[in-house]
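Q: For reference, the file entry.cif (mmCIF, N, CA and C atoms) is included below:
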data_my_file
loop_
_atom_site.label_atom_id
_atom_site.label_comp_id
_atom_site.auth_asym_id
_atom_site.auth_seq_id
_atom_site.Cartn_x
_atom_site.Cartn_y
_atom_site.Cartn_z
N MET A 874 13.34 87.91 118.24
CA MET A 874 14.37 86.89 118.21
C MET A 874 15.69 87.54 117.78
N PRO A 875 16.81 87.20 118.42
CA PRO A 875 18.09 87.79 118.04
C PRO A 875 18.51 87.40 116.62
N SER A 876 19.27 88.26 116.02
CA SER A 876 19.84 88.00 114.69
C SER A 876 21.27 87.52 114.86
N GLU A 877 21.75 86.81 113.86
CA GLU A 877 23.11 86.31 113.91
C GLU A 877 23.72 86.38 112.52
N ILE A 878 24.96 86.82 112.47
CA ILE A 878 25.75 86.77 111.24
C ILE A 878 27.06 86.10 111.61
N ARG A 879 27.32 84.98 110.99
CA ARG A 879 28.55 84.24 111.28
C ARG A 879 29.43 84.24 110.04
N HIS A 880 30.72 84.53 110.25
CA HIS A 880 31.72 84.49 109.18
C HIS A 880 32.72 83.40 109.51
N ILE A 881 32.84 82.42 108.63
CA ILE A 881 33.80 81.34 108.83
C ILE A 881 34.79 81.40 107.67
N VAL A 882 36.07 81.49 107.99
CA VAL A 882 37.12 81.66 106.98
C VAL A 882 37.73 80.30 106.64
N PHE A 883 37.81 80.01 105.34
CA PHE A 883 38.39 78.75 104.86
C PHE A 883 39.60 79.05 103.98
N SER A 884 40.68 78.33 104.23
CA SER A 884 41.88 78.43 103.40
C SER A 884 41.66 77.67 102.10
N GLY A 885 42.56 77.88 101.15
CA GLY A 885 42.49 77.15 99.90
C GLY A 885 42.56 75.65 100.10
N ALA A 886 43.43 75.19 101.00
CA ALA A 886 43.56 73.76 101.27
C ALA A 886 42.27 73.19 101.87
N GLU A 887 41.62 73.95 102.75
CA GLU A 887 40.37 73.50 103.35
C GLU A 887 39.26 73.43 102.30
N ILE A 888 39.24 74.40 101.40
CA ILE A 888 38.24 74.40 100.33
C ILE A 888 38.44 73.18 99.43
N ALA A 889 39.70 72.93 99.06
CA ALA A 889 40.00 71.78 98.21
C ALA A 889 39.59 70.48 98.89
N SER A 890 39.88 70.35 100.17
CA SER A 890 39.50 69.17 100.93
C SER A 890 37.99 69.01 100.97
N ALA A 891 37.29 70.11 101.20
CA ALA A 891 35.83 70.07 101.26
C ALA A 891 35.23 69.66 99.91
N VAL A 892 35.75 70.22 98.82
CA VAL A 892 35.23 69.89 97.49
C VAL A 892 35.53 68.43 97.14
N ARG A 893 36.74 67.97 97.45
CA ARG A 893 37.09 66.56 97.18
C ARG A 893 36.10 65.61 97.88
N GLU A 894 35.89 65.84 99.18
CA GLU A 894 35.01 64.97 99.95
C GLU A 894 33.56 65.07 99.47
N TYR A 895 33.10 66.27 99.21
CA TYR A 895 31.73 66.48 98.75
C TYR A 895 31.49 65.75 97.42
N ARG A 896 32.42 65.91 96.49
CA ARG A 896 32.26 65.27 95.18
C ARG A 896 32.37 63.75 95.29
N ARG A 897 33.23 63.27 96.18
CA ARG A 897 33.34 61.83 96.38
C ARG A 897 32.01 61.27 96.87
N GLN A 898 31.40 61.94 97.86
CA GLN A 898 30.12 61.49 98.40
C GLN A 898 28.98 61.61 97.39
N ALA A 899 29.11 62.57 96.47
CA ALA A 899 28.08 62.77 95.45
C ALA A 899 28.25 61.84 94.25
N GLY A 900 29.31 61.02 94.26
CA GLY A 900 29.54 60.10 93.16
C GLY A 900 30.20 60.74 91.96
N ARG A 901 30.79 61.92 92.14
CA ARG A 901 31.49 62.64 91.07
C ARG A 901 32.90 63.01 91.56
N PRO A 902 33.72 62.01 91.90
CA PRO A 902 35.00 62.32 92.54
C PRO A 902 35.98 63.04 91.63
N LEU A 903 36.80 63.87 92.26
CA LEU A 903 37.94 64.46 91.57
C LEU A 903 39.00 63.37 91.44
N PRO A 904 39.93 63.51 90.50
CA PRO A 904 40.97 62.48 90.40
C PRO A 904 41.85 62.46 91.65
N THR A 905 42.34 61.29 92.00
CA THR A 905 43.28 61.21 93.11
C THR A 905 44.60 61.78 92.62
N GLY A 906 45.33 62.39 93.51
CA GLY A 906 46.61 62.97 93.14
C GLY A 906 46.95 64.15 94.02
N SER A 907 48.03 64.80 93.65
CA SER A 907 48.53 65.93 94.43
C SER A 907 47.86 67.23 93.99
N LEU A 908 47.43 67.98 94.96
CA LEU A 908 46.88 69.31 94.69
C LEU A 908 48.04 70.25 94.42
N ARG A 909 48.09 70.80 93.23
CA ARG A 909 49.19 71.68 92.83
C ARG A 909 48.90 73.17 93.05
N ARG A 910 47.62 73.53 92.89
CA ARG A 910 47.27 74.95 92.98
C ARG A 910 45.80 75.09 93.30
N VAL A 911 45.49 76.09 94.12
CA VAL A 911 44.11 76.50 94.39
C VAL A 911 44.04 77.98 94.09
N GLU A 912 43.20 78.36 93.16
CA GLU A 912 43.02 79.77 92.83
C GLU A 912 41.59 80.16 93.14
N ILE A 913 41.46 81.19 93.96
CA ILE A 913 40.14 81.68 94.36
C ILE A 913 39.90 83.00 93.66
N GLY A 914 38.77 83.14 93.03
CA GLY A 914 38.44 84.37 92.33
C GLY A 914 36.94 84.57 92.27
N THR A 915 36.53 85.53 91.48
CA THR A 915 35.10 85.78 91.31
C THR A 915 34.80 85.89 89.82
N ASN A 916 33.54 85.69 89.50
CA ASN A 916 33.04 85.87 88.16
C ASN A 916 31.63 86.41 88.31
N SER A 917 31.42 87.63 87.87
CA SER A 917 30.12 88.30 88.00
C SER A 917 29.64 88.31 89.45
N GLY A 918 30.58 88.54 90.38
CA GLY A 918 30.24 88.63 91.79
C GLY A 918 30.13 87.30 92.50
N SER A 919 30.23 86.22 91.77
CA SER A 919 30.09 84.88 92.34
C SER A 919 31.48 84.29 92.57
N VAL A 920 31.69 83.66 93.73
CA VAL A 920 32.98 83.06 94.05
C VAL A 920 33.18 81.80 93.21
N ARG A 921 34.39 81.67 92.68
CA ARG A 921 34.79 80.51 91.89
C ARG A 921 36.13 80.01 92.41
N VAL A 922 36.35 78.71 92.33
CA VAL A 922 37.63 78.12 92.73
C VAL A 922 38.12 77.25 91.59
N SER A 923 39.40 77.36 91.31
CA SER A 923 40.04 76.54 90.30
C SER A 923 41.09 75.67 90.99
N LEU A 924 40.99 74.35 90.81
CA LEU A 924 41.90 73.41 91.45
C LEU A 924 42.75 72.74 90.38
N ASP A 925 44.08 72.76 90.53
CA ASP A 925 44.98 72.02 89.65
C ASP A 925 45.41 70.77 90.39
N ILE A 926 45.13 69.62 89.79
CA ILE A 926 45.44 68.33 90.42
C ILE A 926 46.35 67.53 89.49
N ALA A 927 47.48 67.07 90.03
CA ALA A 927 48.39 66.19 89.29
C ALA A 927 48.01 64.75 89.65
N PRO A 928 47.36 64.02 88.74
CA PRO A 928 46.90 62.67 89.05
C PRO A 928 48.04 61.73 89.40
N ASP A 929 47.73 60.72 90.23
CA ASP A 929 48.70 59.72 90.65
C ASP A 929 49.19 58.85 89.50
N ASN A 930 48.40 58.77 88.42
CA ASN A 930 48.76 57.88 87.31
C ASN A 930 49.78 58.49 86.36
N GLY A 931 50.30 59.68 86.67
CA GLY A 931 51.36 60.28 85.87
C GLY A 931 50.91 61.08 84.67
N ILE A 932 49.62 61.12 84.37
CA ILE A 932 49.18 61.94 83.24
C ILE A 932 49.25 63.41 83.63
N ALA A 933 49.03 64.28 82.68
CA ALA A 933 49.17 65.71 82.90
C ALA A 933 48.22 66.25 83.97
N THR A 934 48.67 67.32 84.61
CA THR A 934 47.85 68.01 85.60
C THR A 934 46.55 68.48 84.96
N SER A 935 45.44 68.31 85.67
CA SER A 935 44.16 68.76 85.16
C SER A 935 43.62 69.87 86.06
N THR A 936 42.84 70.74 85.46
CA THR A 936 42.25 71.87 86.18
C THR A 936 40.75 71.63 86.32
N TRP A 937 40.25 71.84 87.53
CA TRP A 937 38.84 71.67 87.83
C TRP A 937 38.30 72.99 88.35
N ASP A 938 37.29 73.55 87.67
CA ASP A 938 36.65 74.79 88.10
C ASP A 938 35.38 74.44 88.86
N VAL A 939 35.20 75.09 90.00
CA VAL A 939 34.06 74.80 90.87
C VAL A 939 33.31 76.10 91.13
N GLY A 940 31.99 76.07 90.94
CA GLY A 940 31.16 77.25 91.13
C GLY A 940 30.70 77.44 92.56
N SER A 941 30.12 78.58 92.83
CA SER A 941 29.77 78.96 94.20
C SER A 941 28.73 78.05 94.84
N ALA A 942 27.76 77.55 94.09
CA ALA A 942 26.74 76.67 94.69
C ALA A 942 27.39 75.40 95.22
N GLU A 943 28.27 74.80 94.43
CA GLU A 943 28.93 73.57 94.87
C GLU A 943 29.91 73.85 96.01
N ILE A 944 30.60 74.98 95.96
CA ILE A 944 31.52 75.35 97.05
C ILE A 944 30.73 75.51 98.34
N THR A 945 29.60 76.20 98.28
CA THR A 945 28.78 76.41 99.48
C THR A 945 28.33 75.07 100.07
N GLU A 946 27.80 74.19 99.23
CA GLU A 946 27.36 72.88 99.70
C GLU A 946 28.52 72.09 100.30
N ALA A 947 29.69 72.16 99.66
CA ALA A 947 30.86 71.43 100.15
C ALA A 947 31.32 71.98 101.50
N LEU A 948 31.31 73.31 101.67
CA LEU A 948 31.75 73.90 102.93
C LEU A 948 30.77 73.62 104.06
N VAL A 949 29.49 73.60 103.76
CA VAL A 949 28.49 73.26 104.79
C VAL A 949 28.71 71.81 105.25
N ALA A 950 28.94 70.91 104.29
CA ALA A 950 29.21 69.51 104.65
C ALA A 950 30.52 69.39 105.43
N TYR A 951 31.53 70.17 105.05
CA TYR A 951 32.82 70.17 105.76
C TYR A 951 32.63 70.63 107.21
N CYS A 952 31.84 71.67 107.40
CA CYS A 952 31.56 72.15 108.76
C CYS A 952 30.88 71.06 109.58
N SER A 953 29.93 70.36 109.00
CA SER A 953 29.24 69.29 109.70
C SER A 953 30.22 68.18 110.08
N ALA A 954 31.10 67.80 109.15
CA ALA A 954 32.05 66.72 109.40
C ALA A 954 33.11 67.10 110.44
N HIS A 955 33.38 68.40 110.58
CA HIS A 955 34.41 68.88 111.52
C HIS A 955 33.82 69.55 112.76
N ASN A 956 32.54 69.29 113.01
CA ASN A 956 31.85 69.80 114.20
C ASN A 956 31.90 71.33 114.34
N VAL A 957 31.79 72.02 113.22
CA VAL A 957 31.68 73.48 113.23
C VAL A 957 30.19 73.80 113.18
N PRO A 958 29.65 74.38 114.26
CA PRO A 958 28.19 74.60 114.30
C PRO A 958 27.73 75.67 113.31
N LEU A 959 26.66 75.34 112.60
CA LEU A 959 26.02 76.28 111.67
C LEU A 959 24.52 76.24 111.90
N PRO A 960 23.86 77.41 111.89
CA PRO A 960 22.40 77.38 111.97
C PRO A 960 21.84 76.82 110.66
N ALA A 961 21.06 75.77 110.75
CA ALA A 961 20.52 75.11 109.55
C ALA A 961 19.65 76.04 108.72
N ALA A 962 18.90 76.90 109.38
CA ALA A 962 17.96 77.77 108.68
C ALA A 962 18.61 79.04 108.14
N GLY A 963 19.85 79.29 108.45
CA GLY A 963 20.50 80.54 108.04
C GLY A 963 20.72 80.61 106.54
N ALA A 964 20.65 81.83 106.01
CA ALA A 964 20.97 82.07 104.61
C ALA A 964 22.49 82.02 104.45
N LYS A 965 22.96 81.22 103.51
CA LYS A 965 24.39 81.01 103.35
C LYS A 965 24.88 81.67 102.06
N SER A 966 26.01 82.35 102.15
CA SER A 966 26.61 82.97 100.97
C SER A 966 28.12 82.93 101.11
N LEU A 967 28.81 83.22 100.01
CA LEU A 967 30.27 83.21 99.99
C LEU A 967 30.80 84.57 99.60
N GLN A 968 31.99 84.89 100.13
CA GLN A 968 32.74 86.05 99.68
C GLN A 968 34.21 85.69 99.65
N ARG A 969 34.90 86.21 98.67
CA ARG A 969 36.34 86.04 98.62
C ARG A 969 36.95 86.99 99.63
N PHE A 970 37.98 86.51 100.33
CA PHE A 970 38.68 87.32 101.33
C PHE A 970 40.17 87.02 101.18
N GLY A 971 40.83 87.79 100.32
CA GLY A 971 42.24 87.53 100.02
C GLY A 971 42.36 86.19 99.35
N GLU A 972 43.21 85.33 99.89
CA GLU A 972 43.38 83.97 99.35
C GLU A 972 42.55 82.96 100.13
N SER A 973 41.47 83.45 100.74
CA SER A 973 40.55 82.61 101.51
C SER A 973 39.12 82.89 101.04
N VAL A 974 38.20 82.10 101.56
CA VAL A 974 36.78 82.29 101.28
C VAL A 974 36.04 82.38 102.60
N LEU A 975 35.12 83.33 102.70
CA LEU A 975 34.24 83.44 103.85
C LEU A 975 32.94 82.73 103.54
N LEU A 976 32.52 81.85 104.42
CA LEU A 976 31.16 81.32 104.39
C LEU A 976 30.39 82.19 105.36
N ILE A 977 29.40 82.90 104.86
CA ILE A 977 28.62 83.82 105.68
C ILE A 977 27.24 83.20 105.91
N VAL A 978 26.89 83.07 107.17
CA VAL A 978 25.59 82.52 107.52
C VAL A 978 24.83 83.60 108.29
N ALA A 979 23.69 83.99 107.74
CA ALA A 979 22.88 85.04 108.36
C ALA A 979 21.54 84.45 108.78
N LEU A 980 21.17 84.71 110.02
CA LEU A 980 19.93 84.18 110.57
C LEU A 980 19.12 85.34 111.15
N ASN A 981 17.88 85.48 110.70
CA ASN A 981 16.98 86.53 111.17
C ASN A 981 17.52 87.92 110.91
N VAL A 982 18.20 88.11 109.78
CA VAL A 982 18.76 89.41 109.43
C VAL A 982 17.89 90.03 108.35
N THR A 983 17.46 91.26 108.60
CA THR A 983 16.72 92.00 107.59
C THR A 983 17.40 93.34 107.41
N GLY A 984 17.14 93.97 106.31
CA GLY A 984 17.72 95.29 106.08
C GLY A 984 18.51 95.33 104.80
N ALA A 985 19.33 96.36 104.69
CA ALA A 985 20.02 96.64 103.44
C ALA A 985 21.33 95.90 103.27
N GLY A 986 21.74 95.11 104.21
CA GLY A 986 22.99 94.38 104.00
C GLY A 986 23.69 94.12 105.31
N TRP A 987 24.86 93.55 105.19
CA TRP A 987 25.65 93.16 106.35
C TRP A 987 26.90 94.00 106.37
N PRO A 988 27.04 94.93 107.29
CA PRO A 988 28.16 95.86 107.28
C PRO A 988 29.53 95.21 107.22
N LEU A 989 29.80 94.19 108.03
CA LEU A 989 31.13 93.58 108.02
C LEU A 989 31.41 92.94 106.67
N SER A 990 30.46 92.19 106.16
CA SER A 990 30.66 91.51 104.89
C SER A 990 30.87 92.51 103.76
N ALA A 991 30.09 93.57 103.75
CA ALA A 991 30.23 94.57 102.70
C ALA A 991 31.60 95.23 102.76
N GLY A 992 32.07 95.53 103.95
CA GLY A 992 33.39 96.13 104.10
C GLY A 992 34.50 95.20 103.66
N LEU A 993 34.37 93.92 103.96
CA LEU A 993 35.38 92.95 103.54
C LEU A 993 35.42 92.82 102.03
N ALA A 994 34.26 92.84 101.40
CA ALA A 994 34.21 92.70 99.95
C ALA A 994 34.88 93.88 99.27
N ARG A 995 34.72 95.09 99.82
CA ARG A 995 35.34 96.27 99.22
C ARG A 995 36.83 96.35 99.51
N ALA A 996 37.27 95.75 100.60
CA ALA A 996 38.66 95.88 101.02
C ALA A 996 39.63 95.12 100.13
N ILE A 997 39.18 94.08 99.45
CA ILE A 997 40.06 93.23 98.67
C ILE A 997 39.53 93.12 97.25
N GLN A 998 40.39 93.39 96.27
CA GLN A 998 39.99 93.28 94.88
C GLN A 998 39.94 91.81 94.47
N PRO A 999 38.83 91.31 93.95
CA PRO A 999 38.74 89.91 93.56
C PRO A 999 39.42 89.64 92.23
N LYS A 1000 39.92 88.40 92.06
CA LYS A 1000 40.42 87.93 90.78
C LYS A 1000 39.23 87.47 89.95
N GLN A 1001 39.28 87.69 88.66
CA GLN A 1001 38.23 87.22 87.78
C GLN A 1001 38.62 85.87 87.21
N LEU A 1002 37.75 84.87 87.34
CA LEU A 1002 37.98 83.53 86.79
C LEU A 1002 36.90 83.25 85.77
N PRO A 1003 37.18 82.33 84.83
CA PRO A 1003 36.14 81.93 83.88
C PRO A 1003 34.98 81.26 84.60
N ALA A 1004 33.82 81.33 84.03
CA ALA A 1004 32.61 80.75 84.62
C ALA A 1004 32.76 79.24 84.72
N ALA A 1005 32.24 78.67 85.82
CA ALA A 1005 32.21 77.23 86.01
C ALA A 1005 30.76 76.78 86.07
N ALA A 1006 30.50 75.59 85.61
CA ALA A 1006 29.14 75.06 85.66
C ALA A 1006 28.81 74.66 87.09
N ASP A 1007 27.67 75.11 87.58
CA ASP A 1007 27.20 74.73 88.95
C ASP A 1007 26.40 73.48 88.89
#
Written as structure tokens, how would this file's structure read?

A:
Amino acid sequence: MPSEIRHIVFSGAEIASAVREYRRQAGRPLPTGSLRRVEIGTNSGSVRVSLDIAPDNGIATSTWDVGSAEITEALVAYCSAHNVPLPAAGAKSLQRFGESVLLIVALNVTGAGWPLSAGLARAIQPKQLPAAAD
């Protein structure tokens, strides 16, 4: 059976949109308001996103840290909602790519790693963010 490795690149705004919608559907919504900042980084090799949201009610901007498990679930749901095909059985992982995030889906891949993904990870130095609860 053929193997497949798919790399889908998400901007900070797309990640924020995906997390907002995912959390809303999960019953844990982010506050409504303006997105002020999206910071993408890593912590112990795991992708983390920090969102600064200025609530509509005028209180101070709040920061929300999101871990890789929740980001992955949010991006998979975002792909489904936007008709981006993903193999359901594929192994899904994240990598930081500049100011974007790669959702990597590997299907029927065995061996020591994925050459493109490994090269991308080495090409860009990740920012370190504090740990977020998954």

Q: Report, in Å to a single decimal, how far apart atom N of Ala933 of chain A and atom C of Ser973 of chain A are.

A: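 Going from atom C of Ser973 of chain A over to atom N of Ala933 of chain A, I get 28.0 Å.
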
Q: Please expand the PyMOL selection byres (((chain A and resi 896 and name CA) around 12) and name CA) into the concrete residues it hits in this file, giving the result as a ChimeraX atom specification.

A: /A:889-895,897-905,937,939,943-944,946-948,950-951

Q: Just write the chosen residues, N, CA and C atoms, as a compact mmCIF listing (two decimals), keeping the file's coordinate frame.

A:
# COMPACT_ATOMS: atom_id res chain seq x y z
N ALA A 889 39.70 72.93 99.06
CA ALA A 889 40.00 71.78 98.21
C ALA A 889 39.59 70.48 98.89
N SER A 890 39.88 70.35 100.17
CA SER A 890 39.50 69.17 100.93
C SER A 890 37.99 69.01 100.97
N ALA A 891 37.29 70.11 101.20
CA ALA A 891 35.83 70.07 101.26
C ALA A 891 35.23 69.66 99.91
N VAL A 892 35.75 70.22 98.82
CA VAL A 892 35.23 69.89 97.49
C VAL A 892 35.53 68.43 97.14
N ARG A 893 36.74 67.97 97.45
CA ARG A 893 37.09 66.56 97.18
C ARG A 893 36.10 65.61 97.88
N GLU A 894 35.89 65.84 99.18
CA GLU A 894 35.01 64.97 99.95
C GLU A 894 33.56 65.07 99.47
N TYR A 895 33.10 66.27 99.21
CA TYR A 895 31.73 66.48 98.75
C TYR A 895 31.49 65.75 97.42
N ARG A 897 33.23 63.27 96.18
CA ARG A 897 33.34 61.83 96.38
C ARG A 897 32.01 61.27 96.87
N GLN A 898 31.40 61.94 97.86
CA GLN A 898 30.12 61.49 98.40
C GLN A 898 28.98 61.61 97.39
N ALA A 899 29.11 62.57 96.47
CA ALA A 899 28.08 62.77 95.45
C ALA A 899 28.25 61.84 94.25
N GLY A 900 29.31 61.02 94.26
CA GLY A 900 29.54 60.10 93.16
C GLY A 900 30.20 60.74 91.96
N ARG A 901 30.79 61.92 92.14
CA ARG A 901 31.49 62.64 91.07
C ARG A 901 32.90 63.01 91.56
N PRO A 902 33.72 62.01 91.90
CA PRO A 902 35.00 62.32 92.54
C PRO A 902 35.98 63.04 91.63
N LEU A 903 36.80 63.87 92.26
CA LEU A 903 37.94 64.46 91.57
C LEU A 903 39.00 63.37 91.44
N PRO A 904 39.93 63.51 90.50
CA PRO A 904 40.97 62.48 90.40
C PRO A 904 41.85 62.46 91.65
N THR A 905 42.34 61.29 92.00
CA THR A 905 43.28 61.21 93.11
C THR A 905 44.60 61.78 92.62
N TRP A 937 40.25 71.84 87.53
CA TRP A 937 38.84 71.67 87.83
C TRP A 937 38.30 72.99 88.35
N VAL A 939 35.20 75.09 90.00
CA VAL A 939 34.06 74.80 90.87
C VAL A 939 33.31 76.10 91.13
N GLU A 943 28.27 74.80 94.43
CA GLU A 943 28.93 73.57 94.87
C GLU A 943 29.91 73.85 96.01
N ILE A 944 30.60 74.98 95.96
CA ILE A 944 31.52 75.35 97.05
C ILE A 944 30.73 75.51 98.34
N GLU A 946 27.80 74.19 99.23
CA GLU A 946 27.36 72.88 99.70
C GLU A 946 28.52 72.09 100.30
N ALA A 947 29.69 72.16 99.66
CA ALA A 947 30.86 71.43 100.15
C ALA A 947 31.32 71.98 101.50
N LEU A 948 31.31 73.31 101.67
CA LEU A 948 31.75 73.90 102.93
C LEU A 948 30.77 73.62 104.06
N ALA A 950 28.94 70.91 104.29
CA ALA A 950 29.21 69.51 104.65
C ALA A 950 30.52 69.39 105.43
N TYR A 951 31.53 70.17 105.05
CA TYR A 951 32.82 70.17 105.76
C TYR A 951 32.63 70.63 107.21

Q: What is the atom C of Ala962 of chain A to atom C of Asn916 of chain A distance in Å?

A: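 Between atom C of Ala962 of chain A and atom C of Asn916 of chain A the gap is 24.8 Å.
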
Q: What's the separation between atom C of Ile878 of chain A and atom CA of His955 of chain A, in Å to one decimal place?

A: 18.7 Å

Q: Would you kindly return, as a list in words, each protein, DNA or RNA residue with an atom no farther than 7 Å from any atom of segment 917-921 of chain A, considering only C-alpha atoms and excluding same-chain residues fewer than 5 positions away?

A: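 Near segment 917-921 of chain A, the qualifying residues are Val939, Gly940, Ser941, Leu967, Gln968, Arg969 and Leu1002 of chain A.
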
Q: Would you tabulate, counting only C-alpha atoms, all residues of segment 907-961 of chain A that have an atom at most 8 Å from an atom of segment 882-887 of chain A, showing the closest pair of atoms and their distance in Å to one decimal, sorted by chain then ascending number, as CSV?

A:
residue,atom,partner,partner_atom,distance
A:Val911,CA,A:Gly885,CA,5.8
A:Glu912,CA,A:Gly885,CA,7.6
A:Ile913,CA,A:Gly885,CA,7.5
